[in-house]
$ cat final-v4.cif   # mmCIF, C-alpha atoms
data_query
#
loop_
_atom_site.label_atom_id
_atom_site.label_comp_id
_atom_site.auth_asym_id
_atom_site.auth_seq_id
_atom_site.Cartn_x
_atom_site.Cartn_y
_atom_site.Cartn_z
CA MET G 101 -74.03 -3.04 20.85
CA ALA G 102 -73.45 -3.87 17.18
CA SER G 103 -72.14 -0.38 16.47
CA VAL G 104 -69.76 -0.62 19.40
CA LEU G 105 -68.38 -3.94 18.08
CA ILE G 106 -67.92 -2.52 14.58
CA SER G 107 -66.10 0.50 15.97
CA SER G 108 -63.80 -1.71 18.05
CA SER G 109 -62.98 -3.85 15.04
CA MET G 110 -62.16 -0.83 12.94
CA LEU G 111 -59.88 0.53 15.67
CA SER G 112 -58.06 -2.79 15.81
CA LEU G 113 -57.50 -2.75 12.06
CA VAL G 114 -56.30 0.85 12.17
CA GLY G 115 -53.90 -0.07 14.95
CA CYS G 116 -52.38 -2.89 12.89
CA VAL G 117 -51.89 -0.64 9.88
CA THR G 118 -50.32 2.08 11.98
CA THR G 119 -47.85 -0.12 13.84
CA SER G 120 -46.72 -1.97 10.69
CA THR G 121 -45.47 1.22 9.02
CA PRO G 122 -41.82 1.97 9.96
CA GLN G 123 -41.42 5.29 11.70
CA TYR G 124 -37.62 5.31 11.98
CA VAL G 125 -35.10 7.02 9.75
CA ILE G 126 -31.56 5.95 8.78
CA ASP G 127 -29.02 8.57 9.82
CA SER G 128 -25.81 8.13 7.83
CA ASP G 129 -24.37 11.54 8.65
CA SER G 130 -24.13 11.95 12.42
CA TYR G 131 -21.64 9.16 13.14
CA GLN G 132 -19.19 7.19 11.03
CA ALA G 133 -16.97 4.27 12.07
CA THR G 134 -13.27 4.30 11.29
CA GLY G 135 -12.83 0.52 11.52
CA LYS G 136 -13.72 -0.33 7.94
CA SER G 137 -12.25 -0.99 4.50
CA GLU G 138 -13.37 -1.67 0.96
CA ARG G 139 -15.10 -5.00 0.36
CA ILE G 140 -13.27 -5.56 -2.94
CA LYS G 141 -9.67 -6.63 -2.23
CA THR G 142 -8.45 -8.47 -5.31
CA ILE G 143 -8.47 -8.32 -9.11
CA VAL G 144 -8.22 -11.71 -10.80
CA LEU G 145 -7.18 -11.84 -14.47
CA HIS G 146 -8.22 -14.79 -16.65
CA TYR G 147 -8.11 -15.95 -20.24
CA THR G 148 -11.20 -17.47 -21.82
CA VAL G 149 -9.56 -20.31 -23.82
CA SER G 150 -12.00 -19.45 -26.60
CA ASP G 151 -12.92 -16.94 -29.29
CA ASN G 152 -15.19 -13.92 -28.93
CA GLU G 153 -18.47 -15.62 -29.73
CA ARG G 154 -17.97 -18.65 -27.52
CA SER G 155 -16.56 -16.53 -24.70
CA ILE G 156 -19.67 -14.36 -24.67
CA LYS G 157 -21.95 -17.40 -24.65
CA THR G 158 -20.05 -19.16 -21.88
CA LEU G 159 -19.89 -16.13 -19.62
CA THR G 160 -23.50 -15.02 -20.08
CA THR G 161 -25.51 -18.24 -20.24
CA GLY G 162 -23.64 -20.78 -18.11
CA ASN G 163 -22.69 -21.23 -14.47
CA VAL G 164 -19.51 -19.20 -14.81
CA SER G 165 -19.25 -15.45 -15.16
CA ALA G 166 -16.97 -12.47 -14.72
CA HIS G 167 -17.46 -8.82 -13.99
CA TYR G 168 -15.73 -7.72 -17.18
CA LEU G 169 -14.98 -9.23 -20.59
CA VAL G 170 -12.36 -7.85 -22.98
CA LEU G 171 -12.80 -9.15 -26.52
CA ASP G 172 -10.04 -9.21 -29.12
CA ASN G 173 -11.77 -6.57 -31.23
CA ASP G 174 -9.87 -3.43 -32.19
CA ASP G 175 -12.29 -1.00 -30.57
CA ASN G 176 -12.82 0.96 -27.36
CA ARG G 177 -15.44 -1.28 -25.76
CA ILE G 178 -15.21 -3.29 -22.52
CA TYR G 179 -18.20 -5.41 -21.54
CA ASN G 180 -19.51 -5.28 -17.96
CA LEU G 181 -21.27 -8.64 -17.48
CA VAL G 182 -21.87 -8.51 -13.71
CA PRO G 183 -22.25 -5.34 -11.62
CA GLU G 184 -19.32 -4.79 -9.28
CA SER G 185 -21.75 -4.79 -6.37
CA GLU G 186 -22.71 -8.38 -7.18
CA ARG G 187 -20.80 -11.65 -6.94
CA ALA G 188 -19.48 -13.11 -10.19
CA TRP G 189 -18.60 -16.81 -10.42
CA HIS G 190 -15.08 -16.60 -11.79
CA ALA G 191 -12.57 -17.66 -9.12
CA GLY G 192 -13.71 -20.99 -7.65
CA ASP G 193 -11.72 -22.91 -5.06
CA GLY G 194 -8.43 -21.44 -3.93
CA GLY G 195 -7.22 -18.37 -2.13
CA PHE G 196 -4.71 -15.57 -1.84
CA ALA G 197 -3.56 -13.13 0.85
CA GLY G 198 -5.43 -14.95 3.59
CA ARG G 199 -8.76 -15.13 1.74
CA THR G 200 -10.25 -18.43 0.63
CA ILE G 201 -13.53 -17.40 -1.02
CA LEU G 202 -12.34 -14.85 -3.54
CA ASN G 203 -15.62 -14.63 -5.44
CA ASP G 204 -16.90 -12.64 -2.46
CA THR G 205 -14.15 -10.02 -2.46
CA SER G 206 -12.74 -9.82 -5.98
CA ILE G 207 -13.36 -8.42 -9.43
CA GLY G 208 -12.92 -10.94 -12.24
CA ILE G 209 -11.70 -9.85 -15.67
CA GLU G 210 -11.82 -12.30 -18.58
CA ILE G 211 -9.66 -11.58 -21.62
CA VAL G 212 -10.27 -13.45 -24.86
CA ASN G 213 -7.27 -15.67 -25.64
CA SER G 214 -7.06 -19.25 -26.85
CA GLY G 215 -4.64 -20.22 -24.08
CA ILE G 216 -3.03 -23.43 -25.24
CA LYS G 217 -2.30 -23.98 -28.92
CA PRO G 218 -5.05 -26.21 -30.35
CA GLU G 219 -2.64 -28.95 -31.43
CA TYR G 220 -1.53 -29.46 -27.80
CA ARG G 221 -4.86 -29.41 -25.97
CA ASP G 222 -5.62 -33.13 -26.11
CA ALA G 223 -2.15 -34.00 -24.88
CA LEU G 224 -1.99 -31.34 -22.15
CA LYS G 225 -2.86 -33.64 -19.23
CA LYS G 226 -0.10 -36.07 -20.20
CA MET G 227 2.64 -33.45 -20.43
CA ALA G 228 4.79 -31.92 -17.75
CA ARG G 229 3.83 -28.43 -16.75
CA SER G 230 7.25 -27.17 -17.75
CA THR G 231 6.25 -27.61 -21.40
CA ILE G 232 3.26 -25.30 -21.14
CA THR G 233 5.36 -22.24 -21.99
CA LEU G 234 6.03 -23.72 -25.40
CA MET G 235 2.40 -24.75 -25.82
CA SER G 236 0.96 -21.38 -24.80
CA THR G 237 -0.38 -19.04 -27.43
CA MET G 238 1.14 -15.61 -27.67
CA TRP G 239 -0.75 -12.71 -26.13
CA HIS G 240 -1.28 -10.64 -29.25
CA LEU G 241 -2.48 -7.69 -27.21
CA MET G 242 -2.86 -4.92 -29.73
CA SER G 243 -2.02 -1.52 -28.39
CA CYS G 244 -5.65 -0.55 -27.90
CA ARG G 245 -6.47 -3.87 -26.25
CA LEU G 246 -3.64 -3.64 -23.78
CA LYS G 247 -4.65 -0.08 -23.00
CA LYS G 248 -8.22 -1.24 -22.35
CA VAL G 249 -7.06 -3.86 -19.87
CA ALA G 250 -4.65 -1.40 -18.26
CA GLN G 251 -7.21 1.38 -17.98
CA LEU G 252 -9.81 -0.96 -16.49
CA VAL G 253 -7.42 -2.37 -13.89
CA GLN G 254 -6.11 1.08 -13.01
CA ASP G 255 -9.64 2.36 -12.48
CA ILE G 256 -10.70 -0.55 -10.27
CA THR G 257 -7.44 -0.40 -8.32
CA THR G 258 -7.90 3.29 -7.58
CA ARG G 259 -11.55 3.06 -6.59
CA TYR G 260 -11.03 0.17 -4.18
CA ASP G 261 -7.46 0.97 -3.06
CA ILE G 262 -6.25 -2.49 -4.06
CA SER G 263 -2.72 -3.53 -3.10
CA PRO G 264 -0.38 -4.22 -6.04
CA LYS G 265 0.14 -7.72 -4.62
CA ASN G 266 -3.56 -8.42 -4.99
CA ILE G 267 -3.64 -8.00 -8.76
CA ILE G 268 -3.20 -11.63 -9.62
CA GLY G 269 -3.83 -14.32 -12.20
CA HIS G 270 -6.23 -17.21 -11.78
CA SER G 271 -3.20 -19.50 -11.42
CA ASP G 272 -1.92 -17.49 -8.45
CA MET G 273 -5.00 -18.26 -6.39
CA ALA G 274 -5.68 -21.79 -7.71
CA PRO G 275 -2.24 -23.17 -8.65
CA SER G 276 -3.26 -26.83 -8.77
CA ARG G 277 -6.26 -26.16 -11.02
CA LYS G 278 -5.48 -23.23 -13.28
CA ILE G 279 -2.68 -21.87 -15.48
CA ASP G 280 -4.34 -18.72 -16.82
CA PRO G 281 -3.63 -16.06 -17.84
CA GLY G 282 -0.63 -18.12 -18.90
CA ALA G 283 3.13 -18.04 -19.26
CA LYS G 284 3.09 -15.37 -21.97
CA PHE G 285 0.80 -12.86 -20.27
CA PRO G 286 2.67 -9.50 -20.12
CA TRP G 287 2.82 -8.98 -16.34
CA GLU G 288 6.19 -7.22 -16.54
CA ARG G 289 5.04 -4.88 -19.29
CA LEU G 290 1.86 -3.99 -17.41
CA TYR G 291 3.98 -3.07 -14.40
CA PHE G 292 6.59 -0.97 -16.17
CA ASP G 293 4.37 0.64 -18.82
CA TYR G 294 1.21 1.17 -16.77
CA GLY G 295 2.16 0.81 -13.11
CA ILE G 296 -0.14 -2.19 -12.67
CA GLY G 297 0.47 -4.96 -10.17
CA ALA G 298 3.60 -5.99 -8.30
CA TRP G 299 7.10 -6.60 -9.60
CA TYR G 300 10.49 -7.06 -7.98
CA ASP G 301 13.45 -4.69 -8.18
CA GLU G 302 16.34 -6.22 -10.13
CA PHE G 303 18.89 -4.83 -7.67
CA ASP G 304 17.20 -6.63 -4.78
CA LYS G 305 16.94 -9.85 -6.77
CA GLN G 306 20.69 -9.79 -7.50
CA PHE G 307 21.43 -8.97 -3.87
CA PHE G 308 19.54 -12.00 -2.61
CA MET G 309 21.11 -14.25 -5.22
CA ASN G 310 24.57 -13.14 -4.11
CA GLN G 311 23.69 -13.85 -0.49
CA GLU G 312 23.28 -17.54 -1.32
CA GLY G 313 20.42 -17.75 1.16
CA PHE G 314 18.71 -20.46 -0.83
CA ALA G 315 21.43 -22.97 0.02
CA SER G 316 20.81 -22.64 3.75
CA ALA G 317 17.03 -22.09 3.69
CA THR G 318 14.87 -24.98 4.86
CA ILE G 319 11.75 -26.03 2.97
CA PRO G 320 9.44 -24.76 5.77
CA GLU G 321 11.27 -21.39 5.70
CA ILE G 322 10.81 -21.10 1.94
CA LYS G 323 7.16 -22.04 2.19
CA GLN G 324 6.67 -19.42 4.89
CA ALA G 325 8.12 -16.84 2.48
CA PHE G 326 5.49 -17.83 -0.07
CA ARG G 327 2.76 -17.47 2.55
CA LYS G 328 4.16 -14.08 3.54
CA TYR G 329 3.68 -12.85 0.01
CA GLY G 330 0.15 -14.25 -0.23
CA TYR G 331 0.30 -17.71 -1.77
CA GLN G 332 -1.51 -20.61 -0.16
CA ILE G 333 0.97 -23.43 0.35
CA ASN G 334 1.04 -26.37 2.77
CA ASP G 335 3.47 -26.70 5.67
CA THR G 336 4.99 -30.08 4.87
CA ASP G 337 8.77 -30.39 4.75
CA THR G 338 8.80 -31.79 1.22
CA TRP G 339 8.25 -30.39 -2.27
CA ASP G 340 5.15 -32.47 -2.96
CA LYS G 341 2.99 -31.90 -6.04
CA ALA G 342 0.77 -29.30 -4.37
CA SER G 343 3.87 -27.34 -3.30
CA ARG G 344 5.44 -27.55 -6.74
CA ASP G 345 2.19 -26.27 -8.24
CA VAL G 346 2.57 -23.12 -6.13
CA VAL G 347 6.19 -22.70 -7.25
CA TYR G 348 5.08 -23.12 -10.85
CA ALA G 349 2.30 -20.54 -10.50
CA PHE G 350 4.75 -18.09 -8.96
CA GLN G 351 7.17 -18.64 -11.84
CA LEU G 352 4.39 -18.16 -14.40
CA HIS G 353 3.85 -14.71 -12.93
CA PHE G 354 7.37 -13.57 -12.10
CA ARG G 355 9.76 -15.75 -14.14
CA ALA G 356 7.74 -16.92 -17.10
CA GLN G 357 10.78 -17.59 -19.27
CA GLN G 358 11.51 -20.73 -17.25
CA PRO G 359 8.53 -22.07 -15.29
CA THR G 360 9.71 -25.49 -14.11
CA GLY G 361 7.84 -25.99 -10.86
CA ASN G 362 11.16 -26.67 -9.16
CA MET G 363 12.44 -24.36 -6.46
CA ASP G 364 15.81 -22.79 -7.28
CA SER G 365 18.01 -19.90 -6.21
CA GLU G 366 16.62 -17.39 -8.73
CA THR G 367 13.01 -18.12 -7.81
CA TYR G 368 13.90 -17.76 -4.14
CA ALA G 369 15.72 -14.46 -4.78
CA ILE G 370 12.69 -13.06 -6.65
CA LEU G 371 10.41 -14.12 -3.79
CA GLN G 372 12.67 -12.47 -1.22
CA ALA G 373 12.90 -9.30 -3.30
CA LEU G 374 9.10 -9.11 -3.57
CA ASN G 375 8.65 -9.60 0.16
CA LYS G 376 11.19 -6.87 0.85
CA LYS G 377 9.51 -4.43 -1.54
CA TYR G 378 5.96 -5.04 -0.39
CA ALA G 379 6.59 -5.68 3.31
CA GLY G 380 3.86 -4.21 5.47
CA ARG G 381 1.38 -3.95 2.59
CA ASP G 382 -0.73 -6.97 3.51
CA ASP G 383 -4.46 -6.40 3.47
CA PHE G 384 -6.22 -9.14 5.37
CA TYR G 385 -9.17 -7.10 6.64
#

$ encode --input "final-v4.cif" --output "structure tokens"
Amino acid sequence: MASVLISSSMLSLVGCVTTSTPQYVIDSDSYQATGKSERIKTIVLHYTVSDNERSIKTLTTGNVSAHYLVLDNDDNRIYNLVPESERAWHAGDGGFAGRTILNDTSIGIEIVNSGIKPEYRDALKKMARSTITLMSTMWHLMSCRLKKVAQLVQDITTRYDISPKNIIGHSDMAPSRKIDPGAKFPWERLYFDYGIGAWYDEFDKQFFMNQEGFASATIPEIKQAFRKYGYQINDTDTWDKASRDVVYAFQLHFRAQQPTGNMDSETYAILQALNKKYAGRDDFY
């Protein structure tokens, strides 16, 4: 009887071991779905508001991070701080192109730059945003540094098939909180010299200015044009502070010579020209 009990117990143990071992295989070759797209949709460019040493410390030891860090050294090195397959903490609250949690679907690139001139930093909160252009530090992007940024963005854009519209600054997705990469970041140069990001055609801009559409456009219509391009903006019929912050962020990117935060005919013409050029290139999936 004892031997029978021992044998039964052993069989029970063997059964448990056998059934707990997976016997299935994953077949990734026989069938493939067509309803899919890349998880990474956006590239967000930032400045660190610091020097090399402090930027490294902040982005590697604190509660903020980025996938890549470009120092102001004259070398060929770009630092990958977070694997692209993982979520970096660089974007925060905000949104663009229909997405509101951009940390989940974006690559963050931090570029070392002091941002606001040191003598203006304490007074920044008391000043109008229109003065930030004068307070901003120049982007002294040496040739090799600009090429590093350009090469990195080109590579990421190609691998994930990112829309030109979705190569943005931190201010584009969080206009009430952020102003980086700032009024003097060379968006236009990156577009014309390296084919990076979105930019309007001058002919279209002049066409829309000559149409005088701004004079007859209602505030809700203008705000809808911003939403069409990708900006998050409320649907009130006034230019409240939150709305002006969006206008200002747009001007930082596409008309940095005069970022006032006030809607005008030139800003509207640029917005219309961009929507014409990139119509049908939304990527909400």

$ atom_distance --input "final-v4.cif" --atom1 "atom CA of G:His353" --atom2 "atom CA of G:Ala283"
7.2 Å

$ residues_around --input "final-v4.cif" --residues "G:Gly208" --least-positions-apart "2" --cutoff "7 Å" --atoms "only C-alpha atoms" --output "list in words"
Ile143, Val144, Leu145, Ala166, His167, Tyr168, His190, Ser206 and Glu210 of chain G

$ atom_distance --input "final-v4.cif" --atom1 "atom CA of G:Ile319" --atom2 "atom CA of G:Trp339"
7.7 Å

$ closest_residue --input "final-v4.cif" --among "G:Tyr300, G:Phe354, G:Tyr294, G:Tyr378" --to "G:Ile268" --atoms "all atoms listed in the file"
G:Phe354

$ resolve_selection --input "final-v4.cif" --expression "the PyMOL selection byres ((chain G and resi 209) around 12)" --output "JSON, numbers by chain"
{"G": [142, 143, 144, 145, 146, 147, 148, 159, 165, 166, 167, 168, 169, 170, 171, 178, 179, 180, 181, 182, 184, 188, 189, 190, 191, 203, 206, 207, 208, 210, 211, 212, 248, 249, 250, 252, 253, 256, 267, 268, 269, 270, 280, 281]}

$ closest_residue --input "final-v4.cif" --among "G:Asn163, G:Asn176, G:Asn266, G:Thr367" --to "G:Leu246" --atoms "only C-alpha atoms"
G:Asn176

$ resolve_selection --input "final-v4.cif" --expression "the PyMOL selection byres ((chain G and resi 364) around 12)" --output "list in words"
Met309, Glu312, Gly313, Phe314, Ala315, Ala317, Ile319, Ile322, Trp339, Arg344, Val347, Tyr348, Gln351, Arg355, Gln358, Pro359, Thr360, Gly361, Asn362, Met363, Ser365, Glu366, Thr367, Tyr368, Ala369, Ile370 and Leu371 of chain G

$ residues_near_point --input "final-v4.cif" --point "(-4.8, 3.9, -30.9)" --cutoff "10 Å" --atoms "only C-alpha atoms" --output "VMD selection string"
chain G and resid 174 to 176 242 to 245 247

$ atom_distance --input "final-v4.cif" --atom1 "atom CA of G:Gly380" --atom2 "atom CA of G:Pro320"
21.3 Å

$ residues_near_point --input "final-v4.cif" --point "(-9.1, -6.4, 2.2)" --cutoff "10 Å" --atoms "all atoms listed in the file" --output "ChimeraX atom specification"
/G:136-142,197-199,205-206,260-263,266,382-385

$ closest_residue --input "final-v4.cif" --among "G:Leu374, G:Ile216, G:Ala342, G:Ala274" --to "G:Phe326" --atoms "all atoms listed in the file"
G:Leu374

$ closest_residue --input "final-v4.cif" --among "G:Ala356, G:Ile333, G:Ala325, G:Val346" --to "G:Glu288" --atoms "all atoms listed in the file"
G:Ala356

$ residues_around --input "final-v4.cif" --residues "G:Ile201" --least-positions-apart "5" --cutoff "9 Å" --atoms "all atoms listed in the file" --output "JSON list (two decimals) with C-alpha atoms, in the coordinates of the input"
[["chain", "number", "residue", "atom", "x", "y", "z"],
["G", 191, "ALA", "CA", -12.57, -17.66, -9.12],
["G", 192, "GLY", "CA", -13.71, -20.99, -7.65],
["G", 193, "ASP", "CA", -11.72, -22.91, -5.06],
["G", 194, "GLY", "CA", -8.43, -21.44, -3.93],
["G", 195, "GLY", "CA", -7.22, -18.37, -2.13]]

$ closest_residue --input "final-v4.cif" --among "G:Gly282, G:Asp127, G:Asn213, G:Phe303" --to "G:Gln357" --atoms "all atoms listed in the file"
G:Gly282

$ closest_residue --input "final-v4.cif" --among "G:Gly162, G:Gly330, G:Pro183, G:Gly295" --to "G:Ala379" --atoms "all atoms listed in the file"
G:Gly330

$ build_atoms --input "final-v4.cif" --residues "stretch 335-346 of chain G" --atoms "all heavy atoms" --output "PDB file, in the frame of the given file"
ATOM      1  N   ASP G 335       2.322 -26.838   4.770  1.00  0.00           N
ATOM      2  CA  ASP G 335       3.470 -26.700   5.670  1.00  0.00           C
ATOM      3  C   ASP G 335       4.264 -27.985   5.818  1.00  0.00           C
ATOM      4  O   ASP G 335       4.944 -28.191   6.818  1.00  0.00           O
ATOM      5  CB  ASP G 335       3.016 -26.186   7.040  1.00  0.00           C
ATOM      6  CG  ASP G 335       1.984 -27.106   7.692  1.00  0.00           C
ATOM      7  OD1 ASP G 335       1.618 -28.138   7.071  1.00  0.00           O
ATOM      8  OD2 ASP G 335       1.545 -26.800   8.818  1.00  0.00           O
ATOM      9  N   THR G 336       4.175 -28.871   4.814  1.00  0.00           N
ATOM     10  CA  THR G 336       4.990 -30.080   4.870  1.00  0.00           C
ATOM     11  C   THR G 336       6.447 -29.724   4.612  1.00  0.00           C
ATOM     12  O   THR G 336       6.769 -28.643   4.109  1.00  0.00           O
ATOM     13  CB  THR G 336       4.532 -31.103   3.804  1.00  0.00           C
ATOM     14  OG1 THR G 336       4.802 -30.573   2.493  1.00  0.00           O
ATOM     15  CG2 THR G 336       3.043 -31.389   3.926  1.00  0.00           C
ATOM     16  N   ASP G 337       7.332 -30.644   4.951  1.00  0.00           N
ATOM     17  CA  ASP G 337       8.770 -30.390   4.750  1.00  0.00           C
ATOM     18  C   ASP G 337       9.293 -31.052   3.486  1.00  0.00           C
ATOM     19  O   ASP G 337      10.473 -31.391   3.377  1.00  0.00           O
ATOM     20  CB  ASP G 337       9.569 -30.849   5.976  1.00  0.00           C
ATOM     21  CG  ASP G 337       9.398 -32.335   6.271  1.00  0.00           C
ATOM     22  OD1 ASP G 337       8.623 -32.999   5.532  1.00  0.00           O
ATOM     23  OD2 ASP G 337      10.014 -32.827   7.230  1.00  0.00           O
ATOM     24  N   THR G 338       8.410 -31.236   2.506  1.00  0.00           N
ATOM     25  CA  THR G 338       8.800 -31.790   1.220  1.00  0.00           C
ATOM     26  C   THR G 338       8.201 -30.948   0.093  1.00  0.00           C
ATOM     27  O   THR G 338       7.207 -30.235   0.291  1.00  0.00           O
ATOM     28  CB  THR G 338       8.310 -33.240   1.049  1.00  0.00           C
ATOM     29  OG1 THR G 338       6.872 -33.265   1.109  1.00  0.00           O
ATOM     30  CG2 THR G 338       8.879 -34.138   2.134  1.00  0.00           C
ATOM     31  N   TRP G 339       8.805 -31.058  -1.093  1.00  0.00           N
ATOM     32  CA  TRP G 339       8.250 -30.390  -2.270  1.00  0.00           C
ATOM     33  C   TRP G 339       7.318 -31.376  -2.983  1.00  0.00           C
ATOM     34  O   TRP G 339       7.638 -31.924  -4.030  1.00  0.00           O
ATOM     35  CB  TRP G 339       9.353 -29.911  -3.203  1.00  0.00           C
ATOM     36  CG  TRP G 339      10.133 -28.761  -2.635  1.00  0.00           C
ATOM     37  CD1 TRP G 339      11.434 -28.764  -2.258  1.00  0.00           C
ATOM     38  CD2 TRP G 339       9.651 -27.446  -2.380  1.00  0.00           C
ATOM     39  NE1 TRP G 339      11.797 -27.525  -1.769  1.00  0.00           N
ATOM     40  CE2 TRP G 339      10.719 -26.694  -1.833  1.00  0.00           C
ATOM     41  CE3 TRP G 339       8.405 -26.823  -2.547  1.00  0.00           C
ATOM     42  CZ2 TRP G 339      10.592 -25.373  -1.457  1.00  0.00           C
ATOM     43  CZ3 TRP G 339       8.277 -25.492  -2.175  1.00  0.00           C
ATOM     44  CH2 TRP G 339       9.353 -24.780  -1.643  1.00  0.00           C
ATOM     45  N   ASP G 340       6.149 -31.591  -2.361  1.00  0.00           N
ATOM     46  CA  ASP G 340       5.150 -32.470  -2.960  1.00  0.00           C
ATOM     47  C   ASP G 340       4.502 -31.773  -4.147  1.00  0.00           C
ATOM     48  O   ASP G 340       4.815 -30.619  -4.469  1.00  0.00           O
ATOM     49  CB  ASP G 340       4.114 -32.906  -1.931  1.00  0.00           C
ATOM     50  CG  ASP G 340       3.489 -31.714  -1.201  1.00  0.00           C
ATOM     51  OD1 ASP G 340       3.625 -30.573  -1.680  1.00  0.00           O
ATOM     52  OD2 ASP G 340       2.871 -31.928  -0.147  1.00  0.00           O
ATOM     53  N   LYS G 341       3.588 -32.455  -4.834  1.00  0.00           N
ATOM     54  CA  LYS G 341       2.990 -31.900  -6.040  1.00  0.00           C
ATOM     55  C   LYS G 341       2.278 -30.579  -5.767  1.00  0.00           C
ATOM     56  O   LYS G 341       2.408 -29.619  -6.533  1.00  0.00           O
ATOM     57  CB  LYS G 341       2.009 -32.891  -6.679  1.00  0.00           C
ATOM     58  CG  LYS G 341       1.380 -32.348  -7.966  1.00  0.00           C
ATOM     59  CD  LYS G 341       0.378 -33.302  -8.563  1.00  0.00           C
ATOM     60  CE  LYS G 341      -0.206 -32.733  -9.863  1.00  0.00           C
ATOM     61  NZ  LYS G 341      -0.825 -31.395  -9.702  1.00  0.00           N
ATOM     62  N   ALA G 342       1.501 -30.530  -4.684  1.00  0.00           N
ATOM     63  CA  ALA G 342       0.770 -29.300  -4.370  1.00  0.00           C
ATOM     64  C   ALA G 342       1.737 -28.129  -4.161  1.00  0.00           C
ATOM     65  O   ALA G 342       1.461 -27.000  -4.588  1.00  0.00           O
ATOM     66  CB  ALA G 342      -0.094 -29.504  -3.129  1.00  0.00           C
ATOM     67  N   SER G 343       2.870 -28.396  -3.525  1.00  0.00           N
ATOM     68  CA  SER G 343       3.870 -27.340  -3.300  1.00  0.00           C
ATOM     69  C   SER G 343       4.517 -26.913  -4.608  1.00  0.00           C
ATOM     70  O   SER G 343       4.740 -25.718  -4.846  1.00  0.00           O
ATOM     71  CB  SER G 343       4.941 -27.839  -2.324  1.00  0.00           C
ATOM     72  OG  SER G 343       4.378 -28.244  -1.099  1.00  0.00           O
ATOM     73  N   ARG G 344       4.837 -27.878  -5.454  1.00  0.00           N
ATOM     74  CA  ARG G 344       5.440 -27.550  -6.740  1.00  0.00           C
ATOM     75  C   ARG G 344       4.477 -26.772  -7.634  1.00  0.00           C
ATOM     76  O   ARG G 344       4.897 -25.925  -8.440  1.00  0.00           O
ATOM     77  CB  ARG G 344       5.920 -28.820  -7.453  1.00  0.00           C
ATOM     78  CG  ARG G 344       7.067 -29.534  -6.739  1.00  0.00           C
ATOM     79  CD  ARG G 344       7.747 -30.542  -7.659  1.00  0.00           C
ATOM     80  NE  ARG G 344       6.807 -31.475  -8.253  1.00  0.00           N
ATOM     81  CZ  ARG G 344       6.398 -32.611  -7.693  1.00  0.00           C
ATOM     82  NH1 ARG G 344       6.862 -32.954  -6.492  1.00  0.00           N
ATOM     83  NH2 ARG G 344       5.540 -33.409  -8.313  1.00  0.00           N
ATOM     84  N   ASP G 345       3.188 -27.039  -7.485  1.00  0.00           N
ATOM     85  CA  ASP G 345       2.190 -26.270  -8.240  1.00  0.00           C
ATOM     86  C   ASP G 345       2.246 -24.797  -7.856  1.00  0.00           C
ATOM     87  O   ASP G 345       2.090 -23.913  -8.712  1.00  0.00           O
ATOM     88  CB  ASP G 345       0.784 -26.819  -7.985  1.00  0.00           C
ATOM     89  CG  ASP G 345       0.541 -28.155  -8.673  1.00  0.00           C
ATOM     90  OD1 ASP G 345       1.332 -28.524  -9.564  1.00  0.00           O
ATOM     91  OD2 ASP G 345      -0.436 -28.839  -8.302  1.00  0.00           O
ATOM     92  N   VAL G 346       2.451 -24.519  -6.585  1.00  0.00           N
ATOM     93  CA  VAL G 346       2.570 -23.120  -6.130  1.00  0.00           C
ATOM     94  C   VAL G 346       3.825 -22.489  -6.714  1.00  0.00           C
ATOM     95  O   VAL G 346       3.795 -21.351  -7.197  1.00  0.00           O
ATOM     96  CB  VAL G 346       2.579 -23.045  -4.593  1.00  0.00           C
ATOM     97  CG1 VAL G 346       2.845 -21.608  -4.136  1.00  0.00           C
ATOM     98  CG2 VAL G 346       1.254 -23.541  -4.022  1.00  0.00           C
TER      99      VAL G 346
END
